[in-house]
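*Asks:* The structure file data26.txt (compact mmCIF, C-alpha atoms) is provided below.
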# COMPACT_ATOMS: atom_id res chain seq x y z
CA MET A 1 -20.37 40.83 -8.71
CA ALA A 2 -17.14 40.18 -10.48
CA GLU A 3 -16.57 37.23 -8.14
CA THR A 4 -19.96 35.73 -9.03
CA THR A 5 -19.18 35.99 -12.73
CA PHE A 6 -15.80 34.36 -12.18
CA ASP A 7 -17.35 31.45 -10.24
CA GLY A 8 -19.96 30.95 -12.91
CA GLY A 9 -17.28 30.78 -15.57
CA ALA A 10 -15.18 28.41 -13.51
CA GLN A 11 -18.15 26.07 -13.07
CA ALA A 12 -19.12 26.18 -16.72
CA ALA A 13 -15.64 25.32 -17.92
CA PRO A 14 -15.51 21.88 -16.24
CA HIS A 15 -18.95 21.04 -17.63
CA LEU A 16 -17.84 21.90 -21.14
CA ARG A 17 -14.59 20.02 -20.68
CA ARG A 18 -16.39 16.96 -19.36
CA ALA A 19 -18.97 17.03 -22.14
CA ALA A 20 -16.17 17.26 -24.68
CA LEU A 21 -14.36 14.32 -23.04
CA ALA A 22 -17.44 12.11 -23.01
CA GLY A 23 -18.23 13.10 -26.58
CA ALA A 24 -14.69 12.36 -27.79
CA ALA A 25 -14.71 8.93 -26.11
CA LEU A 26 -18.08 8.01 -27.64
CA LEU A 27 -16.99 9.30 -31.03
CA ALA A 28 -13.84 7.15 -30.92
CA VAL A 29 -15.88 4.05 -30.05
CA PHE A 30 -18.37 4.68 -32.86
CA ALA A 31 -15.60 5.44 -35.35
CA VAL A 32 -13.82 2.17 -34.59
CA ALA A 33 -17.11 0.25 -34.76
CA LEU A 34 -17.93 1.88 -38.09
CA PHE A 35 -14.57 1.55 -39.81
CA ALA A 36 -13.24 -1.67 -38.21
CA GLY A 37 -16.32 -3.57 -37.03
CA ALA A 38 -18.75 -3.69 -34.13
CA ARG A 39 -16.65 -6.10 -32.08
CA TYR A 40 -13.68 -3.76 -32.14
CA GLY A 41 -15.77 -0.75 -31.14
CA VAL A 42 -17.11 -2.69 -28.18
CA LEU A 43 -13.57 -3.74 -27.20
CA LEU A 44 -12.42 -0.12 -27.23
CA ALA A 45 -15.39 0.72 -25.00
CA ILE A 46 -14.40 -2.11 -22.65
CA GLY A 47 -10.85 -0.74 -22.55
CA LEU A 48 -12.19 2.72 -21.73
CA GLY A 49 -14.22 1.11 -18.95
CA PHE A 50 -11.08 -0.54 -17.56
CA GLY A 51 -9.21 2.77 -17.62
CA ILE A 52 -12.05 4.64 -15.95
CA ALA A 53 -12.52 1.95 -13.28
CA LEU A 54 -8.81 1.53 -12.54
CA GLU A 55 -8.01 5.25 -12.36
CA GLY A 56 -11.38 6.47 -11.06
CA LEU A 57 -11.59 3.92 -8.24
CA ARG A 58 -7.82 3.69 -7.63
CA PHE A 59 -7.73 -0.06 -8.24
CA GLY A 60 -4.25 -1.33 -8.97
CA PHE A 61 -1.79 -4.14 -8.47
CA ALA A 62 1.71 -2.81 -7.71
CA GLY A 63 0.59 -0.44 -4.94
CA PRO A 64 -1.45 -3.03 -3.02
CA TRP A 65 1.40 -5.55 -3.26
CA ARG A 66 3.70 -2.88 -1.82
CA ALA A 67 1.24 -2.21 1.02
CA LEU A 68 1.02 -5.93 1.70
CA LEU A 69 4.78 -6.47 1.80
CA LEU A 70 5.66 -3.31 3.73
CA ARG A 71 2.74 -3.00 6.14
CA ARG A 72 0.86 -6.32 5.84
CA GLU A 73 -2.19 -4.35 4.66
CA PRO A 74 -4.18 -6.85 2.54
CA ALA A 75 -7.15 -4.74 1.36
CA GLY A 76 -5.95 -4.13 -2.20
CA VAL A 77 -4.79 -7.70 -2.74
CA LEU A 78 -8.03 -9.05 -1.25
CA ALA A 79 -9.92 -6.91 -3.78
CA GLN A 80 -7.78 -8.43 -6.56
CA LEU A 81 -8.58 -11.94 -5.28
CA LEU A 82 -12.28 -11.05 -5.15
CA ALA A 83 -12.22 -9.85 -8.76
CA ILE A 84 -10.36 -12.98 -9.85
CA ALA A 85 -12.87 -15.21 -8.04
CA LEU A 86 -15.82 -13.43 -9.66
CA VAL A 87 -14.30 -13.89 -13.11
CA ALA A 88 -13.35 -17.51 -12.41
CA ALA A 89 -16.92 -18.38 -11.44
CA VAL A 90 -18.00 -17.65 -15.02
CA ALA A 91 -14.81 -18.01 -17.05
CA ILE A 92 -13.72 -21.50 -16.02
CA PRO A 93 -17.09 -23.10 -16.93
CA LEU A 94 -17.16 -21.10 -20.20
CA VAL A 95 -13.63 -22.11 -21.22
CA SER A 96 -14.30 -25.72 -20.18
CA SER A 97 -17.45 -25.90 -22.29
CA GLY A 98 -15.18 -26.28 -25.31
CA GLY A 99 -15.65 -25.31 -28.91
CA GLY A 100 -12.63 -23.02 -29.05
CA GLU A 101 -14.71 -19.85 -29.18
CA ILE A 102 -13.55 -18.90 -25.70
CA VAL A 103 -9.98 -19.71 -24.67
CA GLY A 104 -8.27 -19.33 -21.32
CA ALA A 105 -4.93 -17.72 -20.50
CA HIS A 106 -3.31 -21.12 -20.31
CA ALA A 107 0.49 -21.35 -20.44
CA PRO A 108 3.16 -23.73 -19.19
CA VAL A 109 5.17 -23.33 -16.00
CA GLY A 110 8.90 -23.29 -16.72
CA TRP A 111 12.24 -21.89 -15.63
CA ALA A 112 11.99 -18.81 -17.79
CA MET A 113 8.35 -18.31 -16.84
CA VAL A 114 9.13 -18.27 -13.13
CA GLY A 115 12.27 -16.16 -13.60
CA GLY A 116 10.38 -13.73 -15.81
CA ALA A 117 7.65 -13.30 -13.20
CA PHE A 118 10.29 -12.66 -10.53
CA VAL A 119 11.98 -9.96 -12.61
CA PHE A 120 8.62 -8.43 -13.52
CA GLY A 121 7.66 -8.25 -9.84
CA ALA A 122 10.91 -6.46 -9.02
CA ALA A 123 10.68 -4.04 -11.95
CA MET A 124 7.03 -3.18 -11.33
CA GLN A 125 7.91 -2.10 -7.79
CA VAL A 126 10.71 0.12 -9.13
CA VAL A 127 8.31 2.07 -11.37
CA LEU A 128 5.35 1.40 -9.05
CA GLY A 129 3.18 0.35 -11.94
CA CYS A 130 2.35 -3.08 -13.32
CA GLY A 131 1.15 -3.86 -16.86
CA SER A 132 -2.22 -2.18 -16.52
CA GLY A 133 -0.78 0.30 -14.01
CA THR A 134 1.80 1.58 -16.49
CA LEU A 135 -0.99 2.25 -19.00
CA VAL A 136 -3.15 3.96 -16.37
CA ASN A 137 -0.23 6.00 -15.04
CA ALA A 138 0.76 7.11 -18.53
CA GLY A 139 -2.82 8.17 -19.28
CA SER A 140 -3.19 10.09 -16.05
CA GLY A 141 -0.05 12.12 -16.73
CA ASN A 142 2.33 10.33 -14.37
CA PRO A 143 5.73 10.99 -16.02
CA VAL A 144 7.25 7.77 -14.68
CA GLY A 145 4.51 5.67 -16.31
CA LEU A 146 4.69 7.71 -19.50
CA LEU A 147 8.45 7.19 -19.81
CA ALA A 148 8.27 3.49 -18.89
CA LEU A 149 5.57 2.74 -21.49
CA PRO A 150 7.62 2.83 -24.73
CA PHE A 151 10.42 0.84 -23.11
CA PHE A 152 7.82 -1.66 -21.89
CA ALA A 153 6.63 -2.03 -25.50
CA VAL A 154 10.14 -2.52 -26.87
CA GLY A 155 10.94 -5.01 -24.11
CA SER A 156 7.78 -6.94 -24.88
CA PHE A 157 8.72 -7.08 -28.56
CA LEU A 158 12.23 -8.34 -27.78
CA GLY A 159 10.98 -10.83 -25.19
CA ALA A 160 8.53 -12.28 -27.70
CA THR A 161 11.30 -12.45 -30.30
CA HIS A 162 13.41 -14.59 -27.95
CA LEU A 163 10.53 -16.45 -26.28
CA LEU A 164 11.11 -19.87 -27.83
CA TRP A 165 14.80 -19.87 -26.88
CA TRP A 166 13.79 -19.26 -23.27
CA THR A 167 11.01 -21.85 -23.19
CA GLU A 168 13.45 -24.48 -24.46
CA LEU A 169 15.40 -24.12 -21.20
CA GLY A 170 12.76 -26.27 -19.53
CA THR A 171 8.99 -26.12 -19.56
CA LEU A 172 6.33 -28.36 -18.06
CA PRO A 173 3.16 -29.30 -19.94
CA VAL A 174 0.31 -26.80 -19.64
CA VAL A 175 -1.83 -27.49 -16.58
CA ALA A 176 -5.29 -25.95 -16.65
CA LEU A 177 -7.99 -26.60 -14.07
CA GLY A 178 -11.36 -27.05 -15.71
CA GLY A 179 -14.97 -27.94 -15.03
CA THR A 180 -16.66 -27.82 -11.65
CA THR A 181 -13.68 -29.42 -9.93
CA GLY A 182 -11.31 -26.87 -11.42
CA LEU A 183 -13.56 -24.00 -10.43
CA LEU A 184 -13.95 -25.24 -6.86
CA ALA A 185 -10.18 -25.82 -6.57
CA THR A 186 -9.47 -22.30 -7.84
CA LEU A 187 -12.01 -20.70 -5.50
CA ALA A 188 -10.68 -22.75 -2.58
CA ALA A 189 -7.09 -21.72 -3.33
CA LEU A 190 -8.12 -18.06 -3.57
CA GLY A 191 -9.94 -18.46 -0.25
CA VAL A 192 -6.87 -19.98 1.40
CA VAL A 193 -4.65 -17.09 0.18
CA ALA A 194 -7.21 -14.56 1.43
CA ALA A 195 -7.42 -16.31 4.82
CA VAL A 196 -3.61 -16.30 5.20
CA LEU A 197 -3.43 -12.59 4.29
CA LEU A 198 -6.19 -11.79 6.80
CA ALA A 199 -4.47 -13.83 9.51
CA LEU A 200 -1.19 -11.99 8.96
CA ALA A 201 -2.79 -8.54 8.80
CA PRO A 202 -3.06 -6.12 11.71
CA PRO A 203 -6.62 -6.33 13.14
CA GLU A 204 -7.54 -2.81 12.01
CA ALA A 205 -6.61 -3.65 8.41
CA ARG A 206 -8.79 -6.77 8.09
CA ARG A 207 -11.40 -5.27 5.77
CA ILE A 208 -11.89 -4.27 2.14
CA PRO A 209 -13.04 -0.64 1.68
CA ARG A 210 -16.33 -0.25 -0.21
CA ARG A 211 -14.52 1.59 -3.02
CA LEU A 212 -12.32 -1.43 -3.68
CA VAL A 213 -15.27 -3.85 -3.57
CA ILE A 214 -17.04 -1.73 -6.21
CA ALA A 215 -13.83 -1.59 -8.24
CA ALA A 216 -13.33 -5.35 -8.01
CA VAL A 217 -16.88 -6.00 -9.25
CA ALA A 218 -16.46 -3.45 -12.07
CA VAL A 219 -13.12 -4.90 -13.19
CA ALA A 220 -14.53 -8.45 -13.04
CA LEU A 221 -17.56 -7.49 -15.17
CA LEU A 222 -15.31 -5.77 -17.71
CA ALA A 223 -12.95 -8.78 -17.80
CA LEU A 224 -15.91 -11.07 -18.46
CA ALA A 225 -17.18 -8.75 -21.17
CA ASN A 226 -13.70 -8.85 -22.73
CA LEU A 227 -13.80 -12.65 -22.65
CA VAL A 228 -17.26 -13.00 -24.17
CA VAL A 229 -16.72 -10.36 -26.87
CA SER A 230 -13.18 -11.24 -27.95
CA GLY A 231 -13.03 -14.93 -27.06
CA GLN A 232 -9.86 -14.47 -25.06
CA PRO A 233 -9.08 -13.19 -21.54
CA TRP A 234 -7.97 -9.66 -20.67
CA GLY A 235 -4.31 -9.10 -21.51
CA VAL A 236 -1.87 -6.23 -21.89
CA VAL A 237 1.59 -7.38 -22.94
CA TYR A 238 0.89 -8.87 -26.38
CA GLY A 239 -0.56 -5.58 -27.60
CA LEU A 240 2.42 -3.54 -26.43
CA GLY A 241 4.88 -5.89 -28.12
CA LEU A 242 2.80 -5.72 -31.28
CA TRP A 243 3.05 -1.91 -31.32
CA ALA A 244 6.84 -2.16 -31.25
CA ALA A 245 6.81 -4.97 -33.84
CA LYS A 246 4.77 -2.82 -36.22
CA GLY A 247 7.14 0.07 -35.60
CA ALA A 248 10.16 -2.16 -36.29
CA ALA A 249 8.56 -3.47 -39.50
CA ALA A 250 7.78 0.08 -40.63
CA LEU A 251 11.45 0.98 -40.08
CA GLY A 252 12.49 -1.89 -42.33
CA ALA A 253 13.26 -4.63 -39.81
CA ASP A 254 12.92 -8.16 -41.16
CA LEU A 255 10.82 -10.14 -38.68
CA SER A 256 10.86 -13.34 -40.74
CA GLY A 257 13.90 -14.55 -38.79
CA SER A 258 11.91 -14.60 -35.57
CA ALA A 259 10.02 -17.84 -34.92
CA PHE A 260 7.51 -15.85 -32.88
CA TRP A 261 6.78 -12.96 -35.20
CA SER A 262 6.90 -15.11 -38.34
CA ALA A 263 4.30 -17.55 -36.98
CA PRO A 264 1.20 -17.14 -39.18
CA ALA A 265 -1.09 -15.75 -36.47
CA ASN A 266 1.47 -13.17 -35.30
CA ALA A 267 2.63 -12.23 -38.81
CA ALA A 268 -1.02 -11.54 -39.66
CA ARG A 269 -1.34 -9.32 -36.58
CA VAL A 270 1.73 -7.30 -37.62
CA GLU A 271 0.18 -6.77 -41.05
CA ALA A 272 -3.30 -5.93 -39.73
CA SER A 273 -4.55 -2.75 -38.12
CA LEU A 274 -4.13 -2.25 -34.36
CA PHE A 275 -7.82 -1.41 -34.36
CA THR A 276 -8.51 -5.09 -35.02
CA ASP A 277 -6.21 -6.40 -32.28
CA VAL A 278 -7.91 -7.23 -28.98
CA THR A 279 -5.18 -6.26 -26.52
CA SER A 280 -4.17 -3.17 -28.51
CA LEU A 281 -7.75 -1.89 -28.35
CA THR A 282 -8.12 -2.47 -24.62
CA ASN A 283 -4.67 -0.98 -23.99
CA ILE A 284 -5.57 2.15 -25.96
CA GLY A 285 -8.85 2.27 -24.07
CA ILE A 286 -7.11 2.00 -20.70
CA ILE A 287 -4.75 4.90 -21.48
CA ALA A 288 -7.61 7.00 -22.84
CA GLY A 289 -9.94 6.07 -19.97
CA ALA A 290 -7.35 7.10 -17.38
CA LEU A 291 -6.78 10.33 -19.31
CA VAL A 292 -10.52 11.02 -19.27
CA VAL A 293 -10.72 10.49 -15.50
CA ALA A 294 -7.64 12.62 -14.78
CA THR A 295 -8.96 15.43 -16.96
CA TRP A 296 -12.50 15.06 -15.59
CA ARG A 297 -11.43 15.14 -11.95
CA ALA A 298 -11.18 18.63 -10.42
CA GLY A 299 -7.46 19.41 -10.12
CA GLY A 300 -6.60 16.01 -11.56
CA LEU A 301 -3.78 17.36 -13.71
CA SER A 302 -2.59 20.20 -11.48
CA GLU A 303 -0.05 18.09 -9.61
CA ARG A 304 3.51 19.29 -10.22
CA LEU A 305 5.90 16.88 -11.92
CA PRO A 306 8.45 15.35 -9.56
CA ARG A 307 12.08 16.47 -9.60
CA LEU A 308 13.94 13.19 -9.78
CA PRO A 309 17.67 12.57 -10.20
CA VAL A 310 18.97 11.41 -13.59
CA ARG A 311 19.64 7.92 -12.26
CA ALA A 312 15.95 7.61 -11.38
CA TRP A 313 14.88 8.34 -14.97
CA ILE A 314 17.48 5.86 -16.26
CA ALA A 315 16.15 3.29 -13.81
CA VAL A 316 12.60 3.88 -15.10
CA MET A 317 13.76 3.18 -18.68
CA VAL A 318 15.64 0.02 -17.65
CA ALA A 319 12.75 -1.19 -15.48
CA GLY A 320 10.28 -0.54 -18.30
CA LEU A 321 12.39 -2.57 -20.69
CA ALA A 322 12.74 -5.34 -18.09
CA MET A 323 8.99 -5.40 -17.45
CA GLY A 324 8.24 -5.85 -21.12
CA TYR A 325 10.89 -8.51 -21.72
CA SER A 326 10.21 -10.49 -18.54
CA SER A 327 6.45 -10.46 -18.92
CA ARG A 328 6.78 -12.16 -22.30
CA LEU A 329 8.88 -14.95 -20.77
CA ALA A 330 6.35 -15.20 -17.92
CA PHE A 331 3.44 -15.54 -20.40
CA GLY A 332 1.89 -12.35 -19.17
CA CYS A 333 1.99 -9.61 -16.59
CA ASN A 334 -0.25 -9.08 -13.58
CA VAL A 335 -3.19 -9.01 -15.99
CA GLY A 336 -2.49 -11.74 -18.56
CA ALA A 337 -0.82 -14.21 -16.18
CA PHE A 338 -1.94 -13.43 -12.62
CA PHE A 339 -5.49 -12.12 -13.15
CA SER A 340 -6.48 -13.95 -16.34
CA GLY A 341 -4.31 -17.02 -15.76
CA ILE A 342 -5.78 -17.83 -12.35
CA SER A 343 -9.32 -16.83 -13.32
CA THR A 344 -9.28 -19.26 -16.26
CA GLY A 345 -7.71 -22.09 -14.27
CA SER A 346 -4.08 -21.96 -15.45
CA LEU A 347 -1.45 -23.23 -13.02
CA HIS A 348 1.03 -20.72 -14.43
CA GLY A 349 -1.04 -17.92 -12.90
CA TRP A 350 -0.33 -19.28 -9.43
CA ALA A 351 3.38 -19.77 -10.16
CA TRP A 352 3.44 -16.19 -11.49
CA PHE A 353 1.82 -14.91 -8.29
CA ALA A 354 4.41 -16.55 -6.03
CA ALA A 355 7.43 -15.57 -8.14
CA ALA A 356 6.30 -12.00 -8.76
CA LEU A 357 5.54 -11.47 -5.06
CA ALA A 358 9.09 -12.58 -4.23
CA GLY A 359 10.43 -10.27 -6.95
CA SER A 360 8.37 -7.41 -5.54
CA ALA A 361 10.15 -7.79 -2.20
CA LEU A 362 13.43 -7.17 -4.06
CA GLY A 363 11.96 -4.30 -6.07
CA LEU A 364 10.90 -2.51 -2.89
CA ARG A 365 14.56 -2.38 -1.87
CA LEU A 366 15.73 -1.26 -5.32
CA ARG A 367 13.31 1.68 -5.62
CA PRO A 368 14.96 3.95 -3.02
CA LEU A 369 18.45 2.97 -4.24
CA VAL A 370 17.76 4.39 -7.71
CA GLY A 371 16.40 7.67 -6.35
CA LEU A 372 12.69 7.10 -6.92
CA GLU A 373 11.89 7.76 -3.25
CA ALA A 374 13.58 8.67 0.00
CA ARG A 375 15.81 5.89 1.25
CA ARG A 376 14.28 3.69 3.91
CA MET B 1 5.41 22.11 -14.87
CA THR B 2 2.31 20.06 -14.07
CA ARG B 3 0.73 16.85 -15.26
CA ARG B 4 -1.13 18.80 -17.93
CA VAL B 5 2.03 18.55 -20.02
CA THR B 6 2.49 14.80 -19.59
CA ALA B 7 -1.22 14.10 -20.05
CA ALA B 8 -1.07 16.08 -23.30
CA LEU B 9 1.92 13.96 -24.34
CA ALA B 10 -0.09 10.80 -23.59
CA ALA B 11 -2.95 12.10 -25.76
CA ALA B 12 -0.46 12.97 -28.50
CA PHE B 13 0.99 9.45 -28.27
CA LEU B 14 -2.45 7.90 -28.79
CA LEU B 15 -3.13 10.21 -31.70
CA ALA B 16 0.26 9.41 -33.28
CA LEU B 17 -0.41 5.68 -32.84
CA ALA B 18 -3.77 6.02 -34.62
CA VAL B 19 -2.23 8.05 -37.48
CA PHE B 20 0.65 5.58 -37.86
CA ASP B 21 -1.75 2.65 -37.90
CA THR B 22 -4.12 4.11 -40.45
CA ALA B 23 -1.12 4.93 -42.66
CA THR B 24 0.29 1.40 -42.53
CA ALA B 25 -2.77 -0.88 -42.40
CA GLU B 26 -6.23 -0.97 -43.93
CA LEU B 27 -9.54 -1.46 -42.21
CA ASP B 28 -12.40 -3.42 -43.72
CA PRO B 29 -15.55 -3.60 -41.58
CA TYR B 30 -17.08 -6.10 -44.02
CA ARG B 31 -14.46 -8.68 -43.00
CA ALA B 32 -14.98 -8.11 -39.28
CA PRO B 33 -15.95 -11.09 -37.09
CA PRO B 34 -19.34 -11.21 -35.35
CA ALA B 35 -19.76 -8.75 -32.49
CA LEU B 36 -19.62 -11.53 -29.90
CA ALA B 37 -17.11 -14.38 -29.93
CA LEU B 38 -19.38 -16.43 -27.68
CA GLY B 39 -21.79 -18.29 -29.92
CA SER B 40 -20.03 -17.23 -33.11
CA GLY B 41 -18.69 -20.68 -33.94
CA LEU B 42 -15.29 -19.13 -34.74
CA ALA B 43 -12.09 -20.16 -32.98
CA SER B 44 -10.31 -17.49 -30.94
CA GLY B 45 -7.37 -15.81 -32.69
CA GLY B 46 -4.76 -16.61 -30.06
CA ALA B 47 -3.11 -13.16 -30.02
CA HIS B 48 -2.65 -13.20 -26.24
CA CYS B 49 0.39 -13.00 -23.99
CA SER B 50 -0.19 -16.54 -22.72
CA ALA B 51 -0.21 -18.07 -26.22
CA LEU B 52 2.81 -19.79 -27.73
CA PRO B 53 3.31 -19.14 -31.46
CA ARG B 54 1.38 -21.43 -33.80
Go through the file and emit its structure as C-alpha cells.
*Replies:*
Amino acid sequence: MAETTFDGGAQAAPHLRRAALAGAALLAVFAVALFAGARYGVLLAIGLGFGIALEGLRFGFAGPWRALLLRREPAGVLAQLLAIALVAAVAIPLVSSGGGEIVGAHAPVGWAMVGGAFVFGAAMQVVLGCGSGTLVNAGSGNPVGLLALPFFAVGSFLGATHLLWWTELGTLPVVALGGTTGLLATLAALGVVAAVLLALAPPEARRIPRRLVIAAVAVALLALANLVVSGQPWGVVYGLGLWAAKGAAALGADLSGSAFWSAPANAARVEASLFTDVTSLTNIGIIAGALVVATWRAGGLSERLPRLPVRAWIAVMVAGLAMGYSSRLAFGCNVGAFFSGISTGSLHGWAWFAAALAGSALGLRLRPLVGLEARR
Amino acid sequence: MTRRVTAALAAAFLLALAVFDTATAELDPYRAPPALALGSGLASGGAHCSALPR
C-alpha cells in the first residue's frame, strides 16, 4: 500500500514539474512579446525550439565531426548537410530576391577568417561543444559547457573589438552564390561532400538514423523561421559578444575606441535591450530550451559531475576564450558561418568548413592531453 | 554532486542576465518592428556574426 502511494507521488511529481516548465516557457515568450514586441517573442520561441530540438534529439556539430574524424561515421554530418540543403532551397532564392528585408550570412574569405575557423575547430573539439553546442551543454547542466560559456562571450567581445585589424591582413571580396544557379551549385556541392563521406564510411555506417533526419528537418524549419521573422540567418556569436560588451559598458569601459563597437549599428545594439537583439534572444532560448528538456527528461539531471584535473578546467576556460575570439575572425561559428553561410550561398561557409575540419583533427589530439578524457 | 546544481546555475545565469538587462536598457513595444521581416519593407539590422561594421 505504501509502495502504491509512493509510486503515485513519484508519477505526479514529473507531471507537475513538466507543466511548470511548459508554463514558464510560454510565460517568458508572452512576456517578451508584450513588453518588447511580437517579433521578439516569436524569436524567443524559435530559440526555445532550437534548444529543445538540439538537446531533445541529440543533434549537434562537434560530436558528429569527432565521429567522422575518428571512426569515419558520417551520420551526424550527413544530417547537418541535409539540414543545410533544406534551408538553402528556400533561403538562397529569398535572399536573392532582393529588397534587403532578408540578408544572407555573407562574409569575405581571408587569412584571419580561415585561421579563425581552424582555431575554432580545434577549440570546439577540446570542449566538445561548438557555438550552439556550448549553449545547449550549459543549459543541460554540463559543467564544461557552463564554464566555457562566459569565456566564449568574452572572447567574442574581444575578437569583435580587434576584427578590423585582422581583416586588414588580407581579405577577398565577398562571394555569394545567388539565384537558381547559386542554389543548384550549393546543392551539388553538398551532394558531392555527402557522396565522399558515404564512400569513405564503413558499409554499416552508411545511413542516417531516423532521429537525426527528424532533427535535421526540425532545425531547418526553425532556421527558416528565424530568417523570415528576423530578416537574418541563425547565428550565435554576435549575441554572446554583445552580452560581454554590455557588461563591459556597465563596468565603465569606453567602447568608443573600438571601430567595431562604435559603428552605429553595433553601438545601438549595446544601448538597446538584449530582448530586442535577434541572436541574444535565440541564444537565451537555446539555453532555456536545453534546460527544459534536461529537466523534463526522467533522470536528465541525475548524472554526477565529472571529476576532472585542474588543468582540464583551465583548458576549458582557454578553449572557451579561443572559440569566442576565433569565431569572430571567422565571421561565425558552426552556426553563423558553416550552417548559415553555406545555406545562404556564402563562399566563406565552405572555407570555414574545410578549415574547421582540419582544426578539429588537431583538437581531437589536444583533448586527452589536457585531461578531458583518457589518453588515446 | 549532480547536474541539478549546474542546471540551477544555468537558470540563475539566465535570470541574472534578464535582471541586468532590464536594469540597464528600456523596452518599448510601440517602437517594435513588424512581427515578420519578410514583407515588412524594412532593411535587416545587420547584427549578425557575418556582418562587418557599418
*Asks:* For segment 78-156 of chain A versus segment 4-18 of chain B, which residues have an atom no more than 8 Å away, and what is each residue's nearest atom pair and distance in Å rounded to one decimal, using all atoms listed in the file, chain-then-number order, as JSON lines?
*Replies:*
{"residue": "A:Ala138", "atom": "CA", "partner": "B:Ala10", "partner_atom": "CA", "distance": 6.3}
{"residue": "A:Gly139", "atom": "CA", "partner": "B:Ala10", "partner_atom": "CA", "distance": 5.7}
{"residue": "A:Ser140", "atom": "CA", "partner": "B:Ala7", "partner_atom": "CA", "distance": 6.0}
{"residue": "A:Gly141", "atom": "CA", "partner": "B:Ala7", "partner_atom": "CA", "distance": 4.0}
{"residue": "A:Asn142", "atom": "CA", "partner": "B:Thr6", "partner_atom": "CA", "distance": 6.9}
{"residue": "A:Pro143", "atom": "CA", "partner": "B:Thr6", "partner_atom": "CA", "distance": 6.1}
{"residue": "A:Leu146", "atom": "CA", "partner": "B:Ala10", "partner_atom": "CA", "distance": 7.0}
*Asks:* Quick one, how far is atom CA of Phe331 of chain A from atom CA of Ala117 of chain A?
*Replies:*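 Computing it gives 8.6 Å between the two atoms.
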*Asks:* Would you compute the distance between atom CA of Ser97 of chain A and atom CA of Val237 of chain A? Give it in Å to one decimal.
*Replies:*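 About the pair atom CA of Ser97 of chain A and atom CA of Val237 of chain A: they are 26.6 Å apart.
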*Asks:* Extract, using all atoms listed in the file, all DNA, RNA and protein residues at most 12 Å from Gly39 of chain B, discarding same-chain residues fewer than 6 positions from it, and format them as a list in words.
*Replies:*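 That gives Leu94, Ser97, Gly98, Gly99, Gly100, Glu101, Ile102, Val228, Val229, Ser230 and Gly231 of chain A; Pro33 of chain B.
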*Asks:* I'd like the interatomic distance between atom CA of Ala43 of chain B and atom CA of Gly155 of chain A, to a tenth of an Å.
*Replies:*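 Straight-line distance from atom CA of Ala43 of chain B to atom CA of Gly155 of chain A works out to 29.0 Å.
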*Asks:* Near chain A, which residues of chain B fall within 6 Å when you count all atoms listed in the file, and what do they look like as a list in words?
*Replies:*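 Taken together, these residues fit the definition: Met1, Thr2, Arg3, Arg4, Thr6, Ala7, Ala10, Ala25, Leu27, Asp28, Pro29, Ala32, Ala35, Leu36, Ala37, Leu38, Leu42, Ala43, Ser44, His48, Cys49, Ser50, Pro53 and Arg54 of chain B.
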*Asks:* Identify, on the basis of all atoms listed in the file, every residue whose closest approach to segment 119-134 of chain A does not exceed 8 Å; exclude the query and any residue fewer than 5 positions from it along the same chain; express the result as a PyMOL selection string.
*Replies:* chain A and resi 60-63+66+144-146+148-149+236-237+283+286+315-316+319-320+322-323+326-327+333-335+355-364+366-367+372
